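Next comes input_19.cif, a file with mmCIF, C-alpha atoms.
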```cif
data_query
loop_
_atom_site.label_atom_id
_atom_site.label_comp_id
_atom_site.auth_asym_id
_atom_site.auth_seq_id
_atom_site.Cartn_x
_atom_site.Cartn_y
_atom_site.Cartn_z
CA MET A 1 -22.04 12.82 7.13
CA TYR A 2 -21.47 10.61 10.12
CA VAL A 3 -24.57 8.89 11.44
CA ILE A 4 -25.37 6.96 14.58
CA ILE A 5 -28.55 4.95 14.62
CA VAL A 6 -30.02 3.27 17.68
CA TYR A 7 -33.26 1.39 17.64
CA ASP A 8 -35.80 -0.25 19.83
CA ILE A 9 -37.75 -2.59 17.63
CA GLY A 10 -40.15 -5.44 18.37
CA GLU A 11 -38.65 -8.91 18.37
CA LYS A 12 -40.38 -9.94 15.16
CA ARG A 13 -38.84 -7.20 13.09
CA VAL A 14 -35.55 -6.60 14.81
CA ALA A 15 -33.54 -9.07 12.78
CA LYS A 16 -34.81 -7.54 9.56
CA ALA A 17 -33.79 -4.09 10.68
CA CYS A 18 -30.37 -5.33 11.67
CA LYS A 19 -29.79 -7.03 8.32
CA PHE A 20 -30.95 -3.97 6.47
CA LEU A 21 -28.68 -1.60 8.38
CA ARG A 22 -25.66 -3.85 7.91
CA LYS A 23 -25.69 -2.93 4.22
CA TYR A 24 -25.00 0.69 5.02
CA LEU A 25 -23.45 1.03 8.45
CA ASN A 26 -21.07 -0.66 10.82
CA TRP A 27 -22.64 -2.72 13.51
CA VAL A 28 -21.19 -1.51 16.79
CA GLN A 29 -23.20 -3.41 19.35
CA ASN A 30 -26.75 -4.65 19.81
CA SER A 31 -29.16 -2.15 18.30
CA VAL A 32 -26.44 0.41 17.59
CA PHE A 33 -25.00 1.22 14.16
CA GLU A 34 -22.70 3.97 13.02
CA GLY A 35 -20.80 5.06 9.96
CA ASN A 36 -20.33 7.48 7.09
CA LEU A 37 -23.19 8.01 4.68
CA THR A 38 -23.91 10.30 1.78
CA GLU A 39 -27.11 12.33 1.83
CA SER A 40 -28.78 9.99 -0.61
CA GLN A 41 -27.71 6.89 1.28
CA PHE A 42 -29.10 8.41 4.45
CA GLU A 43 -32.45 8.97 2.75
CA LYS A 44 -32.42 5.36 1.58
CA VAL A 45 -31.73 4.19 5.10
CA LYS A 46 -34.53 6.27 6.56
CA TYR A 47 -36.97 5.17 3.89
CA GLY A 48 -36.04 1.51 4.23
CA LEU A 49 -36.38 1.57 7.99
CA LYS A 50 -39.69 3.36 7.86
CA LYS A 51 -41.14 0.65 5.68
CA LEU A 52 -39.76 -2.02 7.93
CA ILE A 53 -40.87 -0.92 11.35
CA CYS A 54 -44.28 -0.75 12.96
CA GLU A 55 -44.71 2.93 13.65
CA GLU A 56 -46.97 2.41 16.66
CA GLU A 57 -44.51 0.24 18.54
CA ASP A 58 -40.96 0.76 17.32
CA ALA A 59 -38.56 3.64 17.59
CA VAL A 60 -35.42 4.41 15.67
CA LEU A 61 -33.26 7.30 16.75
CA TYR A 62 -30.58 8.83 14.62
CA TYR A 63 -27.83 11.30 15.36
CA VAL A 64 -26.14 13.09 12.50
CA PHE A 65 -22.74 14.75 12.59
CA SER A 66 -21.38 16.72 9.69
CA THR A 67 -17.96 15.38 10.65
CA PRO A 68 -16.94 12.78 13.24
CA LYS A 69 -14.02 15.02 14.15
CA TRP A 70 -15.99 17.01 16.70
CA VAL A 71 -17.37 14.03 18.53
CA GLU A 72 -15.53 12.38 21.33
CA ARG A 73 -16.10 8.68 21.16
CA GLY A 74 -15.29 6.68 24.24
CA ILE A 75 -15.88 3.22 25.48
CA LEU A 76 -16.02 1.50 28.83
CA GLY A 77 -15.51 -2.22 28.94
CA LYS A 78 -14.78 -4.37 25.94
CA GLU A 79 -15.30 -3.02 22.44
CA LYS A 80 -17.50 -5.61 20.76
CA ASN A 81 -16.86 -4.71 17.19
CA PRO A 82 -14.05 -2.26 16.50
CA ILE A 83 -14.38 -0.49 13.15
CA SER A 84 -11.29 -1.00 11.06
CA ASP A 85 -10.37 -1.09 7.40
CA PHE A 86 -7.80 -3.78 8.10
CA LEU A 87 -9.02 -7.32 8.41
CA MET B 1 -16.13 8.71 -0.60
CA GLY B 2 -16.22 4.95 -0.35
CA ARG B 3 -14.16 2.91 2.02
CA THR B 4 -11.21 0.77 1.14
CA ILE B 5 -10.88 -2.55 2.92
CA TYR B 6 -7.53 -4.28 3.30
CA ILE B 7 -7.68 -7.97 4.08
CA PHE B 8 -4.56 -9.53 5.60
CA ASN B 9 -6.06 -12.45 7.48
CA SER B 10 -7.06 -15.73 5.98
CA GLY B 11 -10.74 -16.37 5.73
CA ARG B 12 -13.75 -16.30 3.53
CA LEU B 13 -15.51 -13.36 1.99
CA ARG B 14 -19.12 -14.15 1.33
CA ARG B 15 -22.44 -12.67 0.43
CA LYS B 16 -24.99 -12.93 3.18
CA ASP B 17 -28.13 -10.93 3.92
CA ASN B 18 -27.36 -8.76 0.90
CA THR B 19 -24.16 -7.54 2.37
CA LEU B 20 -20.63 -8.86 2.76
CA TYR B 21 -19.29 -10.96 5.58
CA PHE B 22 -15.69 -11.66 6.25
CA GLU B 23 -15.48 -14.93 8.14
CA THR B 24 -12.47 -16.32 9.88
CA GLU B 25 -12.31 -19.23 12.20
CA GLU B 26 -12.89 -17.05 15.22
CA SER B 27 -15.13 -14.32 13.94
CA LYS B 28 -17.70 -13.18 11.44
CA LYS B 29 -17.64 -9.56 10.54
CA PRO B 30 -20.33 -7.86 8.49
CA LEU B 31 -19.11 -5.19 6.07
CA PRO B 32 -21.47 -2.47 4.87
CA VAL B 33 -21.48 -3.14 1.15
CA GLU B 34 -22.96 0.22 0.16
CA ASN B 35 -19.95 2.05 1.50
CA ILE B 36 -17.13 0.01 0.05
CA GLU B 37 -15.28 1.20 -2.99
CA SER B 38 -12.51 -1.32 -3.27
CA ILE B 39 -11.04 -4.30 -1.47
CA TYR B 40 -7.35 -5.22 -1.34
CA PHE B 41 -6.48 -8.86 -0.81
CA PHE B 42 -3.15 -9.52 0.89
CA GLY B 43 -4.13 -12.63 2.78
CA GLU B 44 -5.42 -16.01 1.73
CA VAL B 45 -9.06 -15.38 1.08
CA ASP B 46 -11.72 -17.66 -0.37
CA LEU B 47 -14.56 -16.22 -2.33
CA ASN B 48 -17.06 -17.78 -4.67
CA THR B 49 -18.80 -16.52 -7.80
CA LYS B 50 -21.83 -15.54 -5.77
CA ALA B 51 -19.67 -13.13 -3.85
CA VAL B 52 -17.90 -11.85 -6.95
CA ASN B 53 -21.21 -11.25 -8.73
CA PHE B 54 -22.47 -9.37 -5.76
CA LEU B 55 -19.31 -7.27 -5.57
CA ALA B 56 -19.59 -6.48 -9.27
CA GLN B 57 -23.20 -5.42 -8.86
CA ASN B 58 -22.06 -2.88 -6.34
CA ASN B 59 -19.21 -1.62 -8.54
CA ILE B 60 -16.54 -2.65 -6.10
CA THR B 61 -13.06 -3.11 -7.54
CA LEU B 62 -10.89 -5.92 -6.20
CA HIS B 63 -7.10 -5.85 -6.11
CA PHE B 64 -5.00 -8.91 -5.47
CA PHE B 65 -1.45 -9.11 -4.15
CA ASN B 66 0.74 -12.13 -3.65
CA TYR B 67 2.56 -13.24 -0.54
CA TYR B 68 5.40 -10.77 -1.08
CA GLY B 69 3.05 -7.85 -1.61
CA PHE B 70 3.56 -7.80 -5.36
CA TYR B 71 0.61 -6.87 -7.50
CA THR B 72 -1.21 -9.80 -9.06
CA GLY B 73 -4.09 -8.08 -10.77
CA SER B 74 -7.43 -6.42 -10.39
CA PHE B 75 -10.98 -7.37 -10.91
CA MET B 76 -12.87 -4.49 -12.42
CA PRO B 77 -16.60 -5.05 -12.68
CA ARG B 78 -18.25 -4.49 -16.02
CA ASP B 79 -17.82 -0.86 -17.10
CA TYR B 80 -20.79 0.99 -15.83
CA LEU B 81 -19.94 4.40 -17.21
CA ASN B 82 -19.56 3.87 -20.91
CA SER B 83 -19.07 6.70 -23.33
CA GLY B 84 -18.32 5.98 -26.96
CA PHE B 85 -18.01 9.69 -27.58
CA LEU B 86 -15.24 10.10 -25.04
CA LEU B 87 -13.47 6.97 -26.25
CA VAL B 88 -13.32 8.41 -29.76
CA LYS B 89 -11.94 11.65 -28.37
CA GLN B 90 -9.37 9.79 -26.28
CA VAL B 91 -8.13 7.91 -29.31
CA GLU B 92 -8.12 11.05 -31.42
CA HIS B 93 -5.82 12.75 -28.94
CA TYR B 94 -3.58 9.74 -28.91
CA LEU B 95 -3.21 9.45 -32.68
CA ASP B 96 -2.38 13.10 -33.29
CA LEU B 97 1.22 13.48 -32.08
CA GLU B 98 0.89 17.19 -31.33
CA LYS B 99 -2.25 16.67 -29.27
CA ARG B 100 -0.72 13.73 -27.52
CA MET B 101 2.41 15.67 -26.68
CA THR B 102 0.38 18.52 -25.17
CA ILE B 103 -1.07 16.15 -22.61
CA ALA B 104 2.14 14.18 -22.06
CA ARG B 105 4.20 17.34 -21.54
CA GLU B 106 1.71 18.68 -19.06
CA ILE B 107 1.83 15.44 -17.09
CA VAL B 108 5.63 15.55 -16.82
CA GLU B 109 5.64 19.24 -15.96
CA ALA B 110 3.03 18.83 -13.27
CA ALA B 111 4.88 15.81 -11.88
CA SER B 112 8.19 17.65 -11.71
CA ASP B 113 6.54 20.69 -10.13
CA ASN B 114 5.16 18.44 -7.43
CA ILE B 115 8.58 16.84 -7.00
CA LEU B 116 10.14 20.27 -6.59
CA ARG B 117 7.47 21.18 -4.08
CA ASN B 118 8.56 18.21 -1.95
CA LEU B 119 12.24 18.99 -2.23
CA ASN B 120 11.76 22.68 -1.46
CA TYR B 121 9.86 21.75 1.65
CA TYR B 122 12.86 19.80 2.90
CA LYS B 123 15.29 22.46 1.73
CA ASN B 124 13.47 24.97 3.92
CA ARG B 125 13.94 22.62 6.85
CA GLY B 126 17.68 22.59 6.41
CA TYR B 127 18.17 19.41 4.37
CA ARG B 128 20.94 19.75 1.81
CA VAL B 129 19.05 19.03 -1.37
CA GLU B 130 19.99 22.15 -3.35
CA SER B 131 21.96 20.34 -6.02
CA GLU B 132 19.05 17.97 -6.70
CA ILE B 133 16.67 20.89 -7.00
CA SER B 134 18.86 22.77 -9.45
CA GLY B 135 19.41 19.57 -11.43
CA ILE B 136 15.70 19.04 -11.79
CA GLU B 137 15.07 22.66 -12.62
CA SER B 138 17.52 22.60 -15.49
CA LEU B 139 16.05 19.34 -16.77
CA LYS B 140 12.60 20.89 -16.64
CA GLN B 141 13.66 23.30 -19.38
CA GLU B 142 14.06 20.39 -21.73
CA ILE B 143 10.46 19.23 -21.38
CA LYS B 144 9.28 21.88 -23.81
CA ARG B 145 11.87 20.82 -26.37
CA ALA B 146 11.00 17.13 -26.35
CA LYS B 147 9.63 16.02 -29.69
CA ASP B 148 8.09 12.67 -28.88
CA PRO B 149 6.82 10.79 -25.84
CA GLU B 150 9.95 8.67 -25.75
CA GLU B 151 12.14 11.69 -25.28
CA LEU B 152 9.78 12.94 -22.61
CA MET B 153 9.99 9.64 -20.77
CA ALA B 154 13.75 9.89 -20.84
CA ILE B 155 13.69 13.38 -19.35
CA GLU B 156 11.20 12.22 -16.77
CA GLY B 157 13.48 9.34 -15.87
CA ASN B 158 16.41 11.68 -15.41
CA ILE B 159 14.34 13.96 -13.22
CA ARG B 160 13.42 11.00 -11.07
CA GLN B 161 17.05 9.98 -10.82
CA TYR B 162 17.88 13.33 -9.29
CA TYR B 163 14.81 13.11 -7.12
CA TYR B 164 15.62 9.68 -5.74
CA ARG B 165 19.11 10.87 -4.89
CA ALA B 166 17.46 13.14 -2.34
CA PHE B 167 15.65 10.26 -0.63
CA PRO B 168 18.61 9.06 1.45
CA LEU B 169 19.31 12.65 2.50
CA ILE B 170 15.73 13.10 3.68
CA THR B 171 15.23 9.77 5.40
CA GLY B 172 18.71 8.74 6.45
CA TYR B 173 18.33 5.33 4.80
CA GLU B 174 20.68 4.21 2.07
CA MET B 175 19.77 3.81 -1.55
CA GLU B 176 22.37 3.68 -4.24
CA LYS B 177 19.96 3.62 -7.12
CA ARG B 178 16.39 2.74 -7.89
CA VAL B 179 16.09 -1.02 -8.22
CA LYS B 180 12.88 -2.85 -8.99
CA ARG B 181 11.78 -6.43 -9.48
CA PRO B 182 12.73 -7.18 -6.84
CA PRO B 183 13.67 -4.10 -4.84
CA ASP B 184 16.94 -4.53 -2.95
CA ASN B 185 16.76 -2.21 0.02
CA ILE B 186 14.36 -0.47 2.35
CA LEU B 187 13.80 2.66 0.31
CA ASN B 188 13.36 0.77 -2.93
CA THR B 189 10.93 -1.61 -1.32
CA LEU B 190 8.81 1.18 0.08
CA ILE B 191 8.81 3.04 -3.23
CA SER B 192 7.79 -0.12 -5.07
CA PHE B 193 5.11 -1.10 -2.61
CA GLY B 194 3.74 2.43 -2.43
CA ASN B 195 3.68 2.82 -6.18
CA THR B 196 1.89 -0.46 -6.83
CA VAL B 197 -0.77 0.27 -4.27
CA PHE B 198 -1.13 3.77 -5.60
CA TYR B 199 -1.42 2.55 -9.14
CA THR B 200 -4.47 0.53 -8.15
CA THR B 201 -5.95 3.50 -6.30
CA VAL B 202 -5.69 5.60 -9.45
CA LEU B 203 -7.11 2.78 -11.51
CA ALA B 204 -10.11 2.53 -9.21
CA GLN B 205 -10.67 6.26 -9.53
CA ILE B 206 -10.48 6.13 -13.32
CA TYR B 207 -12.98 3.29 -13.19
CA HIS B 208 -15.49 5.68 -11.66
CA THR B 209 -15.20 8.02 -14.65
CA GLN B 210 -16.00 7.55 -18.32
CA LEU B 211 -12.33 7.37 -19.30
CA ASN B 212 -10.95 4.22 -20.84
CA PRO B 213 -7.99 3.21 -18.68
CA THR B 214 -6.05 1.54 -21.48
CA ILE B 215 -5.50 4.60 -23.65
CA SER B 216 -2.70 6.76 -22.34
CA TYR B 217 -0.58 9.65 -23.50
CA LEU B 218 2.76 9.77 -21.75
CA HIS B 219 3.20 6.04 -21.42
CA GLU B 220 2.79 3.97 -24.51
CA PRO B 221 -0.56 2.23 -24.30
CA GLY B 222 0.72 -1.30 -24.14
CA GLN B 223 -1.23 -4.44 -24.07
CA ARG B 224 -2.49 -6.06 -20.94
CA ARG B 225 -2.19 -3.03 -18.78
CA PHE B 226 -4.08 0.05 -17.76
CA SER B 227 -1.53 2.63 -18.77
CA LEU B 228 -3.71 5.67 -18.19
CA ALA B 229 -3.40 4.91 -14.50
CA LEU B 230 0.39 5.16 -14.93
CA ASP B 231 -0.01 8.56 -16.58
CA LEU B 232 -2.14 10.04 -13.86
CA SER B 233 -0.19 8.48 -11.03
CA GLU B 234 2.96 10.31 -12.23
CA ILE B 235 1.38 13.57 -11.15
CA PHE B 236 0.31 12.44 -7.72
CA LYS B 237 3.08 10.08 -6.68
CA PRO B 238 5.24 12.83 -5.19
CA ILE B 239 2.46 14.41 -3.15
CA ILE B 240 0.89 11.19 -1.92
CA VAL B 241 3.17 8.14 -1.99
CA ASP B 242 6.51 9.85 -1.44
CA ARG B 243 5.20 11.98 1.38
CA VAL B 244 3.85 8.87 3.08
CA ILE B 245 7.27 7.22 2.69
CA PHE B 246 8.99 10.20 4.30
CA THR B 247 6.47 10.19 7.12
CA VAL B 248 6.71 6.50 7.99
CA LEU B 249 10.50 6.56 7.97
CA ASN B 250 11.12 9.90 9.64
CA ARG B 251 8.63 9.23 12.40
CA ASN B 252 9.91 5.67 12.86
CA ILE B 253 6.48 4.22 12.10
CA ILE B 254 8.37 1.74 9.98
CA THR B 255 11.87 0.66 10.95
CA GLU B 256 14.40 -1.88 9.75
CA ASP B 257 12.60 -4.56 11.76
CA ASP B 258 9.64 -4.36 9.41
CA PHE B 259 11.67 -5.73 6.52
CA GLU B 260 12.97 -9.10 5.60
CA ILE B 261 16.23 -8.91 3.74
CA GLU B 262 17.85 -11.89 2.08
CA GLU B 263 20.30 -12.13 -0.77
CA GLY B 264 19.46 -8.92 -2.48
CA TYR B 265 15.76 -9.20 -1.90
CA CYS B 266 13.97 -6.93 0.49
CA PHE B 267 10.38 -7.50 1.50
CA LEU B 268 7.99 -5.67 3.77
CA LYS B 269 6.63 -7.84 6.52
CA GLU B 270 2.94 -7.86 7.23
CA LYS B 271 3.24 -5.48 10.15
CA GLY B 272 5.13 -3.05 7.95
CA LYS B 273 2.60 -3.30 5.16
CA LYS B 274 -0.20 -2.58 7.59
CA ALA B 275 1.60 0.38 9.09
CA PHE B 276 2.31 1.78 5.65
CA LEU B 277 -1.24 1.31 4.44
CA GLN B 278 -2.63 2.87 7.60
CA GLU B 279 -0.62 6.00 6.95
CA TYR B 280 -1.47 5.87 3.25
CA GLU B 281 -5.21 5.58 3.97
CA GLU B 282 -5.04 8.55 6.25
CA LYS B 283 -3.29 10.52 3.56
CA LEU B 284 -5.91 9.66 0.96
CA ARG B 285 -8.70 10.61 3.32
CA SER B 286 -7.24 13.86 4.56
CA THR B 287 -8.66 16.90 2.87
CA ILE B 288 -7.43 20.18 1.51
CA GLU B 289 -9.43 23.24 0.69
CA HIS B 290 -9.72 23.31 -3.07
CA ARG B 291 -8.99 26.69 -4.58
CA ASN B 292 -11.43 26.55 -7.46
CA LEU B 293 -14.14 24.46 -5.94
CA LYS B 294 -14.07 26.34 -2.64
CA ARG B 295 -14.71 23.25 -0.62
CA HIS B 296 -12.79 20.51 1.10
CA VAL B 297 -11.60 17.75 -1.15
CA SER B 298 -9.81 14.58 -0.10
CA TYR B 299 -6.58 13.51 -1.78
CA GLN B 300 -8.43 10.53 -3.20
CA ASN B 301 -11.01 12.76 -4.78
CA LEU B 302 -8.29 14.96 -6.21
CA ILE B 303 -7.32 12.01 -8.40
CA LYS B 304 -10.84 11.68 -9.69
CA LEU B 305 -11.03 15.42 -10.29
CA GLU B 306 -7.86 15.15 -12.33
CA ALA B 307 -9.55 12.53 -14.49
CA TYR B 308 -12.49 14.87 -14.96
CA ARG B 309 -10.10 17.62 -15.95
CA LEU B 310 -8.59 15.39 -18.56
CA ILE B 311 -12.09 14.61 -19.86
CA LYS B 312 -12.87 18.30 -20.10
CA TYR B 313 -9.78 18.81 -22.16
CA LEU B 314 -10.46 15.84 -24.41
CA ILE B 315 -13.94 17.01 -25.25
CA GLY B 316 -12.67 20.52 -25.89
CA ASP B 317 -14.11 22.34 -22.90
CA GLU B 318 -11.00 23.55 -21.17
CA ASN B 319 -7.24 23.56 -21.48
CA TYR B 320 -5.52 20.79 -19.59
CA ARG B 321 -3.44 21.83 -16.64
CA GLY B 322 -2.09 19.06 -14.48
CA PHE B 323 -2.60 19.21 -10.76
CA ARG B 324 0.02 21.01 -8.73
CA ALA B 325 0.20 21.13 -4.98
CA TRP B 326 0.12 24.70 -3.73
CA TRP B 327 0.63 24.06 -0.06
#
```
Show me, as structure tokens, the structure contained in the file I just sent.
Amino acid sequence: MYVIIVYDIGEKRVAKACKFLRKYLNWVQNSVFEGNLTESQFEKVKYGLKKLICEEEDAVLYYVFSTPKWVERGILGKEKNPISDFL
Amino acid sequence: MGRTIYIFNSGRLRRKDNTLYFETEESKKPLPVENIESIYFFGEVDLNTKAVNFLAQNNITLHFFNYYGFYTGSFMPRDYLNSGFLLVKQVEHYLDLEKRMTIAREIVEAASDNILRNLNYYKNRGYRVESEISGIESLKQEIKRAKDPEELMAIEGNIRQYYYRAFPLITGYEMEKRVKRPPDNILNTLISFGNTVFYTTVLAQIYHTQLNPTISYLHEPGQRRFSLALDLSEIFKPIIVDRVIFTVLNRNIITEDDFEIEEGYCFLKEKGKKAFLQEYEEKLRSTIEHRNLKRHVSYQNLIKLEAYRLIKYLIGDENYRGFRAWW
């Protein structure tokens, strides 16, 4: 599945969340991650984030697509971090 | 399905924050370690043991290539799917000539069926490849009569000779005969490059099964190489590598400018390698609807499924039937 995660997390914890998500997803721009995950990886991500955040203050939103094919992805301005398999 | 990363730039691959970072002079790019299956190194990359240990922990296979795109070797992390039982079975099927020949024959038959599938496709589009097709078809009859793997290899070689004769007709590029080490013209270079990369893809897939990659059936299990990957790649080369070659040439994704030719040597330039790999990646990722499984399966997963099928045969569950494209 293709997952987009956006978060709004207090300053103290935000770096932790970012580091954690980098293990699983591609960093697209500040507080936005996206990428392919398996069901089990997705559960791990959700569980890990839940432990990390303060549920009273922080919010993490996720959008799940069964396939990225049906999503139109566009960008205005400069792409900060293009996802590519070629480095 | 995990991602494959191809590194062409020079830089450093390091472990940081429990994930991977590729750092060049201008940029630092984090790579999601949980999603990576293998990394191909074409550029000049530094990495230390800390990084290698971390990669091994995550079962990521590394493949190295030299400046000219020739295969240097692979780093396979410690086997994580061990099975003594299957190893014994694998060896048993190797030692018994009849059992070995059953598998070897099936590999060659499946490979030639896939070759014919390619040629028939082009025949239907008006390419004049009839004589190659009939040549291969008559050679196919001899597969059943072959008594040992050596004879089979010879037949297989002859089939490929006919097959490669069709390449210039399909692509419009010249190739007198198949030349390796080093390849001498555009077609030979692409075939060589495609096959080496594919060989590592198959190897990585075998790594994710319980099979031991050194024990093979059609090819003689030599020393210092993973010959089972050669066996399995025979079946898939026509439907994956060769089709990519036809695509990049016929659609002018790769042209003569992407090669460097000097004194009988012909090399792919970096731009050409990238273009080829891009197309190749897309091929591996594209899916087909699997007839038996009734779900979509990517070409890359088909290779792994083939390994499972071989396992099923080795442990006596099912007859072995090599994969044949039906589309």
Coordinates of box centre and edge lengths for range 14-26 of chain A, 3 Å on every side, axis-aligned, as JSON:
```
{"center_x": -28.3, "center_y": -4.0, "center_z": 9.5, "size_x": 20.5, "size_y": 16.1, "size_z": 16.6}
```
**OP:** Compile the contact shell of Glu132 in chain B as JSON, numbers by chain: residues with an atom at most 10 Å away, counting all atoms listed in the file, same-chain residues fewer than 4 positions apart removed.
**Re:** {"B": [116, 119, 128, 136, 137, 159, 160, 161, 162, 163, 164, 165, 166]}
**OP:** Tell me the residues of chain B close to chain A, meaning within 9 Å using only C-alpha atoms, as a PyMOL selection string.
**Re:** chain B and resi 1-10+17-20+22+29-35+274+278
Could you list the residues chosen by the PyMOL selection byres ((chain A and resi 59) around 9) in this structure as a PDB file with C-alpha atoms, in the coordinates of the input?
```pdb
ATOM      1  CA  VAL A   6     -30.020   3.270  17.680  1.00  0.00           C
ATOM      2  CA  TYR A   7     -33.260   1.390  17.640  1.00  0.00           C
ATOM      3  CA  ASP A   8     -35.800  -0.250  19.830  1.00  0.00           C
ATOM      4  CA  ILE A   9     -37.750  -2.590  17.630  1.00  0.00           C
ATOM      5  CA  ILE A  53     -40.870  -0.920  11.350  1.00  0.00           C
ATOM      6  CA  CYS A  54     -44.280  -0.750  12.960  1.00  0.00           C
ATOM      7  CA  GLU A  55     -44.710   2.930  13.650  1.00  0.00           C
ATOM      8  CA  GLU A  56     -46.970   2.410  16.660  1.00  0.00           C
ATOM      9  CA  GLU A  57     -44.510   0.240  18.540  1.00  0.00           C
ATOM     10  CA  ASP A  58     -40.960   0.760  17.320  1.00  0.00           C
ATOM     11  CA  VAL A  60     -35.420   4.410  15.670  1.00  0.00           C
ATOM     12  CA  LEU A  61     -33.260   7.300  16.750  1.00  0.00           C
TER      13      LEU A  61
END
```
Subject >> Two-atom distance - CA of Pro77 in chain B, CA of Ala204 in chain B (Å) >> reply: 10.6 Å
**OP:** Between B:Tyr308, B:Leu13, B:Lys147, B:Thr287, single out the one closest to Lys99 in chain B, counting all atoms listed in the file.
**Re:** B:Lys147
Original post:
Between B:Ile206, B:Leu211, B:Ala229, B:Ala307, which is the closest to Val91 in chain B once you count only C-alpha atoms?
Top reply: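 So, comparing all the options, the nearest one is B:Leu211.
Picture a line from CA of Lys144 in chain B to CA of Leu314 in chain B; it runs 20.7 Å.
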Original post:
How far is it from CA of Trp326 in chain B to CA of Thr247 in chain B, in Å with one decimal?
Top reply: 19.2 Å
Original post:
Applied to the shown file, which residues does the PyMOL selection byres ((chain B and resi 45) around 6) return, written as a PyMOL selection string?
Top reply: chain B and resi 10-12+43-44+46
Subject >> Given all atoms listed in the file as the counted atoms, nearest of B:Ile245, B:Ile186, B:Ile170, B:Ile36 to Arg125 in chain B >> reply: B:Ile170
Subject >> Explicit residue set for the PyMOL selection byres ((chain B and resi 219) around 8), as a list in words >> reply: Pro149, Met153, Ser216, Tyr217, Leu218, Glu220, Pro221, Ser227, Leu228, Leu230 and Asp231 of chain B
Subject >> Which of A:Gly74, A:Val45, A:Ile4, A:Thr67 sits closest to Phe33 in chain A [using all atoms listed in the file] >> reply: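 For Phe33 in chain A, the nearest of the given residues is A:Ile4.
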